[in-house]
$ cat start_15.cif   # mmCIF, C-alpha atoms
data_input
#
loop_
_atom_site.group_PDB
_atom_site.id
_atom_site.type_symbol
_atom_site.label_atom_id
_atom_site.label_comp_id
_atom_site.auth_asym_id
_atom_site.auth_seq_id
_atom_site.Cartn_x
_atom_site.Cartn_y
_atom_site.Cartn_z
ATOM 1 C CA MET A 156 -19.733 -28.917 7.323
ATOM 2 C CA SER A 157 -21.773 -28.493 4.140
ATOM 3 C CA ASP A 158 -20.597 -26.184 1.353
ATOM 4 C CA ASP A 159 -23.627 -23.930 1.783
ATOM 5 C CA ALA A 160 -23.129 -23.411 5.539
ATOM 6 C CA ASP A 161 -22.914 -19.823 6.710
ATOM 7 C CA PRO A 162 -19.330 -18.571 7.107
ATOM 8 C CA PRO A 163 -18.145 -17.988 10.683
ATOM 9 C CA PHE A 164 -19.023 -14.750 12.417
ATOM 10 C CA ARG A 165 -16.259 -12.127 12.083
ATOM 11 C CA PRO A 166 -16.590 -9.567 14.894
ATOM 12 C CA ASP A 167 -13.882 -7.332 13.386
ATOM 13 C CA HIS A 168 -15.610 -7.229 9.998
ATOM 14 C CA TYR A 169 -18.978 -6.737 11.702
ATOM 15 C CA LEU A 170 -17.740 -3.725 13.669
ATOM 16 C CA VAL A 171 -16.043 -2.178 10.639
ATOM 17 C CA ASN A 172 -19.282 -2.537 8.687
ATOM 18 C CA LEU A 173 -21.276 -1.072 11.579
ATOM 19 C CA ALA A 174 -19.019 1.992 11.680
ATOM 20 C CA ALA A 175 -19.098 2.365 7.894
ATOM 21 C CA ARG A 176 -22.874 2.085 7.750
ATOM 22 C CA GLY A 177 -23.200 4.664 10.503
ATOM 23 C CA LEU A 178 -20.908 7.092 8.683
ATOM 24 C CA ILE A 179 -22.712 6.566 5.381
ATOM 25 C CA GLY A 180 -26.071 7.018 7.093
ATOM 26 C CA LEU A 181 -24.971 10.304 8.658
ATOM 27 C CA ALA A 182 -23.642 11.540 5.318
ATOM 28 C CA LEU A 183 -26.868 10.640 3.535
ATOM 29 C CA ALA A 184 -28.757 12.894 5.941
ATOM 30 C CA LEU A 185 -26.915 15.894 4.482
ATOM 31 C CA PRO A 186 -27.926 17.723 1.287
ATOM 32 C CA TYR A 187 -26.318 16.035 -1.722
ATOM 33 C CA PRO A 188 -23.554 18.587 -2.467
ATOM 34 C CA TRP A 189 -22.580 18.700 1.216
ATOM 35 C CA ARG A 190 -22.454 14.937 1.681
ATOM 36 C CA VAL A 191 -20.210 14.488 -1.365
ATOM 37 C CA ALA A 192 -17.819 17.213 -0.189
ATOM 38 C CA VAL A 193 -17.815 15.954 3.420
ATOM 39 C CA MET A 194 -17.028 12.357 2.434
ATOM 40 C CA GLY A 195 -14.242 13.581 0.184
ATOM 41 C CA TRP A 196 -12.781 15.594 3.075
ATOM 42 C CA LEU A 197 -13.065 12.691 5.526
ATOM 43 C CA MET A 198 -11.326 10.272 3.167
ATOM 44 C CA ARG A 199 -8.608 12.802 2.382
ATOM 45 C CA ARG A 200 -7.951 14.048 5.915
ATOM 46 C CA VAL A 201 -9.018 11.265 8.294
ATOM 47 C CA ILE A 202 -9.800 7.819 6.881
ATOM 48 C CA GLY A 203 -7.143 7.705 4.175
ATOM 49 C CA PRO A 204 -4.192 8.613 6.414
ATOM 50 C CA TRP A 205 -5.463 6.403 9.283
ATOM 51 C CA ALA A 206 -6.047 3.351 7.067
ATOM 52 C CA GLY A 207 -2.699 3.634 5.283
ATOM 53 C CA TYR A 208 -4.244 4.532 1.929
ATOM 54 C CA ARG A 209 -2.340 7.798 1.715
ATOM 55 C CA THR A 210 0.972 6.039 2.285
ATOM 56 C CA ARG A 211 0.180 3.455 -0.384
ATOM 57 C CA ALA A 212 -0.783 6.158 -2.890
ATOM 58 C CA LEU A 213 2.479 8.008 -2.236
ATOM 59 C CA GLU A 214 4.472 4.790 -2.718
ATOM 60 C CA ASN A 215 2.798 4.201 -6.089
ATOM 61 C CA LEU A 216 3.416 7.777 -7.174
ATOM 62 C CA ALA A 217 7.079 7.551 -6.180
ATOM 63 C CA LEU A 218 7.378 4.369 -8.250
ATOM 64 C CA VAL A 219 5.947 5.724 -11.498
ATOM 65 C CA TRP A 220 6.900 9.412 -11.217
ATOM 66 C CA PRO A 221 10.087 9.506 -9.109
ATOM 67 C CA ASP A 222 11.124 12.882 -10.571
ATOM 68 C CA LEU A 223 7.876 14.573 -9.595
ATOM 69 C CA PRO A 224 8.428 16.988 -6.679
ATOM 70 C CA GLU A 225 7.237 15.624 -3.334
ATOM 71 C CA PRO A 226 4.616 18.386 -2.827
ATOM 72 C CA ASP A 227 3.060 17.483 -6.187
ATOM 73 C CA ARG A 228 2.904 13.791 -5.271
ATOM 74 C CA ARG A 229 1.247 14.673 -1.972
ATOM 75 C CA ALA A 230 -1.315 16.858 -3.758
ATOM 76 C CA ILE A 231 -2.164 14.030 -6.199
ATOM 77 C CA ALA A 232 -2.507 11.526 -3.349
ATOM 78 C CA ALA A 233 -4.827 13.902 -1.484
ATOM 79 C CA ALA A 234 -6.956 14.467 -4.587
ATOM 80 C CA SER A 235 -7.151 10.714 -5.193
ATOM 81 C CA LEU A 236 -8.406 10.089 -1.667
ATOM 82 C CA ASP A 237 -10.913 12.925 -2.022
ATOM 83 C CA ASN A 238 -12.222 11.401 -5.246
ATOM 84 C CA ALA A 239 -12.509 7.973 -3.581
ATOM 85 C CA GLY A 240 -14.584 9.397 -0.740
ATOM 86 C CA ARG A 241 -16.823 11.305 -3.111
ATOM 87 C CA THR A 242 -17.290 8.208 -5.283
ATOM 88 C CA LEU A 243 -18.284 6.055 -2.308
ATOM 89 C CA ILE A 244 -21.094 8.314 -1.128
ATOM 90 C CA GLU A 245 -22.235 9.080 -4.686
ATOM 91 C CA ASN A 246 -22.762 5.379 -5.257
ATOM 92 C CA TYR A 247 -24.886 5.176 -2.096
ATOM 93 C CA SER A 248 -26.913 8.244 -3.156
ATOM 94 C CA THR A 249 -28.737 6.287 -5.826
ATOM 95 C CA ARG A 250 -31.702 8.567 -6.479
ATOM 96 C CA ALA A 251 -29.805 11.880 -6.512
ATOM 97 C CA PHE A 252 -26.792 10.493 -8.359
ATOM 98 C CA THR A 253 -28.786 8.772 -11.108
ATOM 99 C CA ALA A 254 -30.937 11.876 -11.573
ATOM 100 C CA ARG A 255 -27.804 13.945 -12.152
ATOM 101 C CA ALA A 256 -26.242 11.293 -14.395
ATOM 102 C CA ALA A 257 -29.370 11.180 -16.557
ATOM 103 C CA GLY A 258 -28.563 14.739 -17.633
ATOM 104 C CA ILE A 259 -25.086 13.845 -18.898
ATOM 105 C CA GLU A 260 -24.791 13.634 -22.674
ATOM 106 C CA PRO A 261 -22.206 10.949 -23.556
ATOM 107 C CA GLU A 262 -19.517 12.064 -25.990
ATOM 108 C CA GLY A 263 -16.906 10.551 -28.282
ATOM 109 C CA PRO A 264 -16.799 8.198 -31.273
ATOM 110 C CA GLY A 265 -17.494 5.187 -29.067
ATOM 111 C CA TYR A 266 -20.967 6.487 -28.270
ATOM 112 C CA ALA A 267 -22.040 6.360 -31.916
ATOM 113 C CA ALA A 268 -20.555 2.851 -32.114
ATOM 114 C CA LEU A 269 -22.515 1.828 -29.011
ATOM 115 C CA VAL A 270 -25.774 3.119 -30.496
ATOM 116 C CA ALA A 271 -25.079 1.246 -33.737
ATOM 117 C CA ALA A 272 -24.280 -1.973 -31.871
ATOM 118 C CA ARG A 273 -27.541 -1.752 -29.935
ATOM 119 C CA ALA A 274 -29.494 -1.317 -33.159
ATOM 120 C CA ALA A 275 -27.761 -4.393 -34.609
ATOM 121 C CA LYS A 276 -28.199 -6.361 -31.333
ATOM 122 C CA ARG A 277 -24.425 -6.795 -31.224
ATOM 123 C CA PRO A 278 -22.837 -7.194 -27.786
ATOM 124 C CA VAL A 279 -20.575 -4.503 -26.388
ATOM 125 C CA ILE A 280 -17.962 -4.676 -23.643
ATOM 126 C CA LEU A 281 -17.354 -1.266 -22.091
ATOM 127 C CA VAL A 282 -13.987 -1.244 -20.358
ATOM 128 C CA SER A 283 -12.570 1.319 -17.950
ATOM 129 C CA GLY A 284 -10.433 1.761 -14.856
ATOM 130 C CA HIS A 285 -11.013 3.071 -11.347
ATOM 131 C CA PHE A 286 -10.981 6.636 -12.599
ATOM 132 C CA GLY A 287 -13.365 9.494 -11.787
ATOM 133 C CA ASN A 288 -16.592 7.658 -11.039
ATOM 134 C CA TYR A 289 -17.253 5.009 -13.675
ATOM 135 C CA GLU A 290 -20.790 4.502 -12.309
ATOM 136 C CA ALA A 291 -21.675 7.955 -13.639
ATOM 137 C CA ALA A 292 -21.132 6.627 -17.151
ATOM 138 C CA ARG A 293 -23.172 3.482 -16.531
ATOM 139 C CA ALA A 294 -26.021 5.503 -15.011
ATOM 140 C CA ALA A 295 -25.986 7.986 -17.917
ATOM 141 C CA LEU A 296 -26.190 5.159 -20.461
ATOM 142 C CA VAL A 297 -28.860 3.232 -18.552
ATOM 143 C CA ALA A 298 -30.928 6.431 -18.538
ATOM 144 C CA ARG A 299 -30.721 6.325 -22.351
ATOM 145 C CA GLY A 300 -32.144 2.817 -22.535
ATOM 146 C CA PHE A 301 -28.968 0.725 -22.639
ATOM 147 C CA ASP A 302 -29.054 -2.623 -20.837
ATOM 148 C CA ILE A 303 -25.664 -2.372 -19.167
ATOM 149 C CA GLY A 304 -24.609 -5.092 -16.791
ATOM 150 C CA GLY A 305 -21.753 -4.883 -14.339
ATOM 151 C CA LEU A 306 -19.162 -7.356 -13.080
ATOM 152 C CA TYR A 307 -17.970 -7.052 -9.501
ATOM 153 C CA ARG A 308 -15.502 -8.690 -7.137
ATOM 154 C CA ASN A 309 -16.981 -9.673 -3.777
ATOM 155 C CA LEU A 310 -15.399 -7.780 -0.887
ATOM 156 C CA SER A 311 -13.689 -9.711 1.878
ATOM 157 C CA ASN A 312 -16.046 -8.106 4.421
ATOM 158 C CA ARG A 313 -19.285 -9.975 3.710
ATOM 159 C CA TYR A 314 -21.358 -7.660 5.927
ATOM 160 C CA PHE A 315 -20.312 -4.577 3.956
ATOM 161 C CA ASN A 316 -20.442 -6.499 0.683
ATOM 162 C CA ALA A 317 -24.167 -7.252 1.088
ATOM 163 C CA HIS A 318 -25.262 -3.614 0.893
ATOM 164 C CA TYR A 319 -22.421 -2.603 -1.442
ATOM 165 C CA VAL A 320 -23.779 -4.998 -4.080
ATOM 166 C CA ARG A 321 -27.260 -3.534 -3.629
ATOM 167 C CA THR A 322 -25.923 -0.090 -4.522
ATOM 168 C CA MET A 323 -24.608 -1.441 -7.846
ATOM 169 C CA GLU A 324 -27.905 -3.163 -8.597
ATOM 170 C CA ALA A 325 -29.765 0.083 -7.960
ATOM 171 C CA PHE A 326 -28.159 1.784 -10.967
ATOM 172 C CA GLY A 327 -30.086 -0.466 -13.343
ATOM 173 C CA GLY A 328 -28.901 -3.357 -15.470
ATOM 174 C CA PRO A 329 -27.916 -6.739 -14.035
ATOM 175 C CA VAL A 330 -24.738 -7.201 -11.998
ATOM 176 C CA PHE A 331 -22.714 -10.390 -11.850
ATOM 177 C CA PRO A 332 -20.156 -11.602 -9.284
ATOM 178 C CA GLN A 333 -16.766 -12.831 -10.427
ATOM 179 C CA GLY A 334 -16.744 -16.611 -10.576
ATOM 180 C CA ARG A 335 -18.372 -19.424 -12.539
ATOM 181 C CA ALA A 336 -22.008 -18.462 -11.910
ATOM 182 C CA GLY A 337 -21.371 -14.791 -12.631
ATOM 183 C CA THR A 338 -19.458 -15.598 -15.822
ATOM 184 C CA ALA A 339 -22.315 -17.726 -17.139
ATOM 185 C CA GLY A 340 -24.765 -14.916 -16.386
ATOM 186 C CA PHE A 341 -22.905 -12.113 -18.098
ATOM 187 C CA VAL A 342 -22.085 -14.274 -21.135
ATOM 188 C CA ARG A 343 -25.822 -14.918 -21.570
ATOM 189 C CA HIS A 344 -26.439 -11.190 -21.176
ATOM 190 C CA LEU A 345 -23.906 -10.352 -23.896
ATOM 191 C CA LYS A 346 -25.116 -13.064 -26.268
ATOM 192 C CA ALA A 347 -28.568 -11.508 -26.051
ATOM 193 C CA GLY A 348 -27.108 -8.247 -27.381
ATOM 194 C CA GLY A 349 -26.556 -6.563 -24.028
ATOM 195 C CA GLN A 350 -23.675 -4.459 -22.812
ATOM 196 C CA LEU A 351 -21.272 -5.128 -19.949
ATOM 197 C CA VAL A 352 -18.944 -2.880 -17.940
ATOM 198 C CA LEU A 353 -15.551 -4.307 -16.966
ATOM 199 C CA LEU A 354 -12.798 -2.620 -14.936
ATOM 200 C CA PHE A 355 -9.360 -3.904 -15.878
ATOM 201 C CA ASP A 356 -6.857 -1.957 -13.779
ATOM 202 C CA GLN A 357 -6.214 -4.306 -10.861
ATOM 203 C CA ASP A 358 -3.276 -6.668 -10.435
ATOM 204 C CA VAL A 359 -4.162 -10.191 -11.603
ATOM 205 C CA PRO A 360 -1.733 -12.991 -10.640
ATOM 206 C CA GLY A 361 -0.654 -15.004 -13.656
ATOM 207 C CA ALA A 362 -1.690 -12.345 -16.164
ATOM 208 C CA PRO A 363 0.874 -10.911 -18.600
ATOM 209 C CA ALA A 364 2.715 -7.761 -17.536
ATOM 210 C CA LEU A 365 1.804 -4.798 -19.732
ATOM 211 C CA ASP A 366 3.371 -1.369 -19.472
ATOM 212 C CA PHE A 367 1.268 1.054 -17.429
ATOM 213 C CA LEU A 368 2.717 4.476 -16.649
ATOM 214 C CA GLY A 369 6.199 3.185 -17.385
ATOM 215 C CA GLN A 370 6.077 0.146 -15.086
ATOM 216 C CA PRO A 371 5.039 -3.482 -15.768
ATOM 217 C CA ALA A 372 1.563 -4.236 -14.417
ATOM 218 C CA ARG A 373 -0.087 -7.664 -14.580
ATOM 219 C CA THR A 374 -3.185 -7.095 -16.694
ATOM 220 C CA ALA A 375 -6.070 -9.480 -17.328
ATOM 221 C CA LEU A 376 -6.788 -10.149 -21.000
ATOM 222 C CA SER A 377 -10.323 -11.384 -20.299
ATOM 223 C CA ALA A 378 -12.095 -8.317 -21.712
ATOM 224 C CA ALA A 379 -10.317 -8.653 -25.070
ATOM 225 C CA GLU A 380 -10.661 -12.441 -25.135
ATOM 226 C CA LEU A 381 -14.378 -12.189 -24.426
ATOM 227 C CA ALA A 382 -14.808 -9.551 -27.131
ATOM 228 C CA LEU A 383 -13.105 -11.854 -29.648
ATOM 229 C CA ARG A 384 -15.094 -14.882 -28.557
ATOM 230 C CA LEU A 385 -18.483 -13.145 -28.771
ATOM 231 C CA LYS A 386 -17.629 -10.787 -31.658
ATOM 232 C CA ALA A 387 -18.379 -7.871 -29.358
ATOM 233 C CA ASP A 388 -17.204 -4.282 -29.643
ATOM 234 C CA LEU A 389 -14.570 -3.372 -27.032
ATOM 235 C CA ILE A 390 -15.035 0.286 -26.139
ATOM 236 C CA PRO A 391 -12.966 2.193 -23.541
ATOM 237 C CA PHE A 392 -15.041 4.698 -21.558
ATOM 238 C CA PHE A 393 -14.306 7.268 -18.862
ATOM 239 C CA ALA A 394 -16.310 9.483 -16.514
ATOM 240 C CA THR A 395 -14.131 12.454 -15.595
ATOM 241 C CA ARG A 396 -15.057 14.487 -12.538
ATOM 242 C CA GLN A 397 -15.447 18.173 -13.318
ATOM 243 C CA PRO A 398 -13.923 21.096 -11.356
ATOM 244 C CA ASP A 399 -17.078 21.578 -9.239
ATOM 245 C CA GLY A 400 -16.486 18.104 -7.760
ATOM 246 C CA LEU A 401 -20.033 16.981 -8.590
ATOM 247 C CA ALA A 402 -20.525 16.886 -12.364
ATOM 248 C CA PHE A 403 -18.967 14.477 -14.872
ATOM 249 C CA GLN A 404 -17.947 14.352 -18.511
ATOM 250 C CA VAL A 405 -18.639 10.913 -20.007
ATOM 251 C CA GLU A 406 -16.484 9.968 -22.998
ATOM 252 C CA LEU A 407 -16.465 6.766 -25.053
ATOM 253 C CA ASP A 408 -13.403 6.150 -27.217
ATOM 254 C CA ALA A 409 -13.537 4.445 -30.604
ATOM 255 C CA PRO A 410 -13.831 0.635 -30.433
ATOM 256 C CA ILE A 411 -10.513 -1.201 -30.131
ATOM 257 C CA PRO A 412 -9.790 -3.156 -33.352
ATOM 258 C CA HIS A 413 -9.912 -6.920 -32.878
ATOM 259 C CA GLY A 414 -6.561 -8.686 -32.969
ATOM 260 C CA ASP A 415 -4.073 -10.091 -30.494
ATOM 261 C CA PRO A 416 -5.573 -9.869 -26.953
ATOM 262 C CA GLU A 417 -2.383 -8.359 -25.490
ATOM 263 C CA ASP A 418 -2.339 -5.681 -28.182
ATOM 264 C CA MET A 419 -6.005 -4.938 -27.546
ATOM 265 C CA MET A 420 -5.499 -4.559 -23.790
ATOM 266 C CA GLY A 421 -2.369 -2.522 -24.462
ATOM 267 C CA ALA A 422 -4.530 -0.066 -26.392
ATOM 268 C CA VAL A 423 -7.069 0.023 -23.540
ATOM 269 C CA THR A 424 -4.237 0.639 -21.079
ATOM 270 C CA ARG A 425 -2.935 3.562 -23.141
ATOM 271 C CA ALA A 426 -6.421 5.078 -23.166
ATOM 272 C CA LEU A 427 -6.498 4.962 -19.372
ATOM 273 C CA GLU A 428 -2.927 6.303 -19.176
ATOM 274 C CA ALA A 429 -3.951 9.365 -21.169
ATOM 275 C CA ARG A 430 -6.710 10.157 -18.659
ATOM 276 C CA VAL A 431 -4.482 9.533 -15.638
ATOM 277 C CA ARG A 432 -1.782 11.822 -17.000
ATOM 278 C CA ALA A 433 -4.363 14.537 -17.702
ATOM 279 C CA HIS A 434 -6.171 14.154 -14.343
ATOM 280 C CA PRO A 435 -3.843 12.224 -12.005
ATOM 281 C CA GLY A 436 -5.896 12.964 -8.902
ATOM 282 C CA GLN A 437 -8.861 11.065 -10.291
ATOM 283 C CA TRP A 438 -7.234 7.628 -10.480
ATOM 284 C CA PHE A 439 -7.354 5.175 -7.574
ATOM 285 C CA TRP A 440 -3.689 5.272 -6.518
ATOM 286 C CA ILE A 441 -4.674 3.225 -3.460
ATOM 287 C CA HIS A 442 -4.596 0.012 -5.517
ATOM 288 C CA ARG A 443 -1.476 -2.176 -5.364
ATOM 289 C CA ARG A 444 -1.418 -1.995 -9.147
ATOM 290 C CA TRP A 445 2.231 -2.900 -9.672
ATOM 291 C CA LYS A 446 2.751 -5.416 -6.855
ATOM 292 C CA GLY A 447 3.400 -8.346 -9.205
ATOM 293 C CA GLY A 448 4.285 -6.564 -12.413
ATOM 294 C CA GLY A 449 7.836 -7.847 -12.620
ATOM 295 C CA GLN A 450 6.932 -11.487 -12.140
#

$ encode --input "start_15.cif" --output "structure tokens"
Amino acid sequence: MSDDADPPFRPDHYLVNLAARGLIGLALALPYPWRVAVMGWLMRRVIGPWAGYRTRALENLALVWPDLPEPDRRAIAAASLDNAGRTLIENYSTRAFTARAAGIEPEGPGYAALVAARAAKRPVILVSGHFGNYEAARAALVARGFDIGGLYRNLSNRYFNAHYVRTMEAFGGPVFPQGRAGTAGFVRHLKAGGQLVLLFDQDVPGAPALDFLGQPARTALSAAELALRLKADLIPFFATRQPDGLAFQVELDAPIPHGDPEDMMGAVTRALEARVRAHPGQWFWIHRRWKGGGQ
């Protein structure tokens, strides 16, 4: 069989994608505020518990905050699932979501640094975690003329992945898959003075274990190493969901000083920790973030 042959048909993946597309399609027929609230409710009350996401979130919360009362952990897990559902449908609501994001005024010392880097045609790596909805920040910056690319990991379900990637492309700025071809593309983009968004808060086998919320978590150093290699600014950014469940505050922290890559990613990790501690229900507790941290 040739390397470029189509992968085998997966009926299970096909049916999951069919159900997901149907649900997304039904949600998109609702007015924007309703669809966001409905998808949050469905993820919190139906999909999350059924798929085991709620259980995984509670396990993670028990690991990092064992002294937190059980009702509080359950409330955080529920809020996290709600945020995940809202984020999913927001990212499929390209026109409405980008129109709202265009009205967000970015804040923080990192925004001035980003503007200065663009004027100097110096590359910038914007780094964040699965917190709030990071696409709100990218959309707000693209609306202000920044050429912000994105890096994504292909999903195991190729049928869902095909339209999921299209949603990322619709926000503006090029997107690149993880892997050799994607790496070459985003390096060219950065060398031309562009900006790139990277999410760093997933377990990476073989990466050094850095402290995250009091537990060792394997953390890729690639964002810091790339910043050093290309003399790019490394700027943590966050899009925090507001109490109405629809609006966002976009903040860019001061650039991380160049130095040892582990120290740089440690500083990025502490920036994310501060947001998670302030708004614990907005982080993606579903991730198996600490599964290999002690190795």

$ axis_aligned_box --input "start_15.cif" --around "range 219-234 of chain A" --padding-each-side "6 Å" --output "JSON"
{"center_x": 2.1, "center_y": 12.1, "center_z": -6.5, "size_x": 30.1, "size_y": 24.7, "size_z": 22.0}

$ closest_atom_pairs --input "start_15.cif" --of "range 348-399 of chain A" --to "range 405-416 of chain A" --cutoff "10 Å" --atoms "all atoms listed in the file" --output "Markdown table"
| residue | atom | partner | partner_atom | distance |
| --- | --- | --- | --- | --- |
| A:Ala375 | CA | A:Pro416 | CA | 9.6 |
| A:Leu376 | CA | A:Pro416 | CA | 6.1 |
| A:Ser377 | CA | A:Pro416 | CA | 8.3 |
| A:Ala378 | CA | A:Pro416 | CA | 8.5 |
| A:Ala379 | CA | A:Pro416 | CA | 5.2 |
| A:Glu380 | CA | A:Pro416 | CA | 6.0 |
| A:Leu381 | CA | A:Pro416 | CA | 9.4 |
| A:Ala382 | CA | A:His413 | CA | 8.0 |
| A:Leu383 | CA | A:His413 | CA | 6.7 |
| A:Lys386 | CA | A:His413 | CA | 8.7 |
| A:Ala387 | CA | A:His413 | CA | 9.2 |
| A:Asp388 | CA | A:Pro410 | CA | 6.0 |
| A:Leu389 | CA | A:Pro410 | CA | 5.3 |
| A:Ile390 | CA | A:Pro410 | CA | 4.5 |
| A:Pro391 | CA | A:Asp408 | CA | 5.4 |
| A:Phe392 | CA | A:Leu407 | CA | 4.3 |
| A:Phe393 | CA | A:Glu406 | CA | 5.4 |
| A:Ala394 | CA | A:Val405 | CA | 4.4 |
| A:Thr395 | CA | A:Val405 | CA | 6.5 |
| A:Arg396 | CA | A:Val405 | CA | 9.0 |

$ resolve_selection --input "start_15.cif" --expression "the PyMOL selection byres ((chain A and resi 397-403) around 9)" --output "number ranges by chain"
A: 188, 191-192, 238, 241, 255-256, 259, 287-288, 291-292, 394-396, 404-405

$ residues_around --input "start_15.cif" --residues "Arg228 in chain A" --least-positions-apart "6" --cutoff "10 Å" --atoms "all atoms listed in the file" --output "list in words"
Ala212, Leu213, Glu214, Asn215, Leu216, Ala217, Trp220, Pro221, Asp222, Ala234, Pro435 and Gly436 of chain A

$ write_last_selection --input "start_15.cif" --atoms "C-alpha atoms" --output "short mmCIF file (atom, residue, chain, number, x, y, z; two decimals), keeping the file's coordinate frame"
data_model
loop_
_atom_site.label_atom_id
_atom_site.label_comp_id
_atom_site.auth_asym_id
_atom_site.auth_seq_id
_atom_site.Cartn_x
_atom_site.Cartn_y
_atom_site.Cartn_z
CA ALA A 212 -0.78 6.16 -2.89
CA LEU A 213 2.48 8.01 -2.24
CA GLU A 214 4.47 4.79 -2.72
CA ASN A 215 2.80 4.20 -6.09
CA LEU A 216 3.42 7.78 -7.17
CA ALA A 217 7.08 7.55 -6.18
CA TRP A 220 6.90 9.41 -11.22
CA PRO A 221 10.09 9.51 -9.11
CA ASP A 222 11.12 12.88 -10.57
CA ALA A 234 -6.96 14.47 -4.59
CA PRO A 435 -3.84 12.22 -12.00
CA GLY A 436 -5.90 12.96 -8.90
#

$ atom_distance --input "start_15.cif" --atom1 "CA of Ala254 in chain A" --atom2 "CA of Phe301 in chain A"
15.8 Å

$ resolve_selection --input "start_15.cif" --expression "the PyMOL selection byres ((chain A and resi 347) around 12)" --output "list in words"
Ala272, Arg273, Ala275, Lys276, Arg277, Pro278, Val279, Asp302, Ile303, Gly304, Gly340, Phe341, Val342, Arg343, His344, Leu345, Lys346, Gly348, Gly349, Gln350, Leu351, Leu385 and Ala387 of chain A

$ resolve_selection --input "start_15.cif" --expression "the PyMOL selection byres ((chain A and resi 362-367) around 9)" --output "number ranges by chain"
A: 219, 358-361, 368-376, 417, 420-421, 424-425, 427-428, 445, 447-450

$ atom_distance --input "start_15.cif" --atom1 "CA of His434 in chain A" --atom2 "CA of Ile231 in chain A"
9.1 Å

$ atom_distance --input "start_15.cif" --atom1 "CA of Glu245 in chain A" --atom2 "CA of Gly265 in chain A"
25.1 Å

$ closest_residue --input "start_15.cif" --among "A:Arg313, A:Leu354, A:Ala429, A:Arg293" --to "Leu170 in chain A" --atoms "only C-alpha atoms"
A:Arg313

$ decode --input "start_15.cif" --residues "range 226-230 of chain A" --atoms "all heavy atoms" --output "PDB file, in the first residue's frame"
ATOM      1  N   PRO A 226     -17.976  19.470  47.292  1.00  0.00           N
ATOM      2  CA  PRO A 226     -18.924  20.293  46.514  1.00  0.00           C
ATOM      3  C   PRO A 226     -18.228  21.350  45.664  1.00  0.00           C
ATOM      4  O   PRO A 226     -18.681  21.657  44.554  1.00  0.00           O
ATOM      5  CB  PRO A 226     -19.800  20.928  47.597  1.00  0.00           C
ATOM      6  CG  PRO A 226     -19.704  20.000  48.756  1.00  0.00           C
ATOM      7  CD  PRO A 226     -18.298  19.484  48.730  1.00  0.00           C
ATOM      8  N   ASP A 227     -17.128  21.914  46.162  1.00  0.00           N
ATOM      9  CA  ASP A 227     -16.402  22.921  45.394  1.00  0.00           C
ATOM     10  C   ASP A 227     -15.738  22.296  44.174  1.00  0.00           C
ATOM     11  O   ASP A 227     -15.716  22.892  43.085  1.00  0.00           O
ATOM     12  CB  ASP A 227     -15.345  23.598  46.271  1.00  0.00           C
ATOM     13  CG  ASP A 227     -15.957  24.463  47.363  1.00  0.00           C
ATOM     14  OD1 ASP A 227     -17.178  24.746  47.270  1.00  0.00           O
ATOM     15  OD2 ASP A 227     -15.238  24.860  48.287  1.00  0.00           O
ATOM     16  N   ARG A 228     -15.181  21.087  44.345  1.00  0.00           N
ATOM     17  CA  ARG A 228     -14.562  20.411  43.201  1.00  0.00           C
ATOM     18  C   ARG A 228     -15.611  20.085  42.135  1.00  0.00           C
ATOM     19  O   ARG A 228     -15.367  20.226  40.933  1.00  0.00           O
ATOM     20  CB  ARG A 228     -13.834  19.142  43.652  1.00  0.00           C
ATOM     21  CG  ARG A 228     -12.614  19.420  44.510  1.00  0.00           C
ATOM     22  CD  ARG A 228     -11.619  18.274  44.459  1.00  0.00           C
ATOM     23  NE  ARG A 228     -12.125  17.033  45.006  1.00  0.00           N
ATOM     24  CZ  ARG A 228     -11.942  16.631  46.257  1.00  0.00           C
ATOM     25  NH1 ARG A 228     -11.263  17.406  47.110  1.00  0.00           N
ATOM     26  NH2 ARG A 228     -12.418  15.479  46.669  1.00  0.00           N
ATOM     27  N   ARG A 229     -16.780  19.671  42.583  1.00  0.00           N
ATOM     28  CA  ARG A 229     -17.854  19.361  41.630  1.00  0.00           C
ATOM     29  C   ARG A 229     -18.303  20.616  40.881  1.00  0.00           C
ATOM     30  O   ARG A 229     -18.594  20.566  39.679  1.00  0.00           O
ATOM     31  CB  ARG A 229     -19.034  18.719  42.359  1.00  0.00           C
ATOM     32  CG  ARG A 229     -18.745  17.311  42.874  1.00  0.00           C
ATOM     33  CD  ARG A 229     -19.975  16.695  43.534  1.00  0.00           C
ATOM     34  NE  ARG A 229     -19.691  15.348  43.990  1.00  0.00           N
ATOM     35  CZ  ARG A 229     -19.743  14.264  43.239  1.00  0.00           C
ATOM     36  NH1 ARG A 229     -20.088  14.376  41.960  1.00  0.00           N
ATOM     37  NH2 ARG A 229     -19.463  13.073  43.732  1.00  0.00           N
ATOM     38  N   ALA A 230     -18.360  21.738  41.587  1.00  0.00           N
ATOM     39  CA  ALA A 230     -18.770  22.996  40.942  1.00  0.00           C
ATOM     40  C   ALA A 230     -17.736  23.428  39.899  1.00  0.00           C
ATOM     41  O   ALA A 230     -18.103  23.903  38.814  1.00  0.00           O
ATOM     42  CB  ALA A 230     -18.950  24.084  41.998  1.00  0.00           C
TER      43      ALA A 230
END
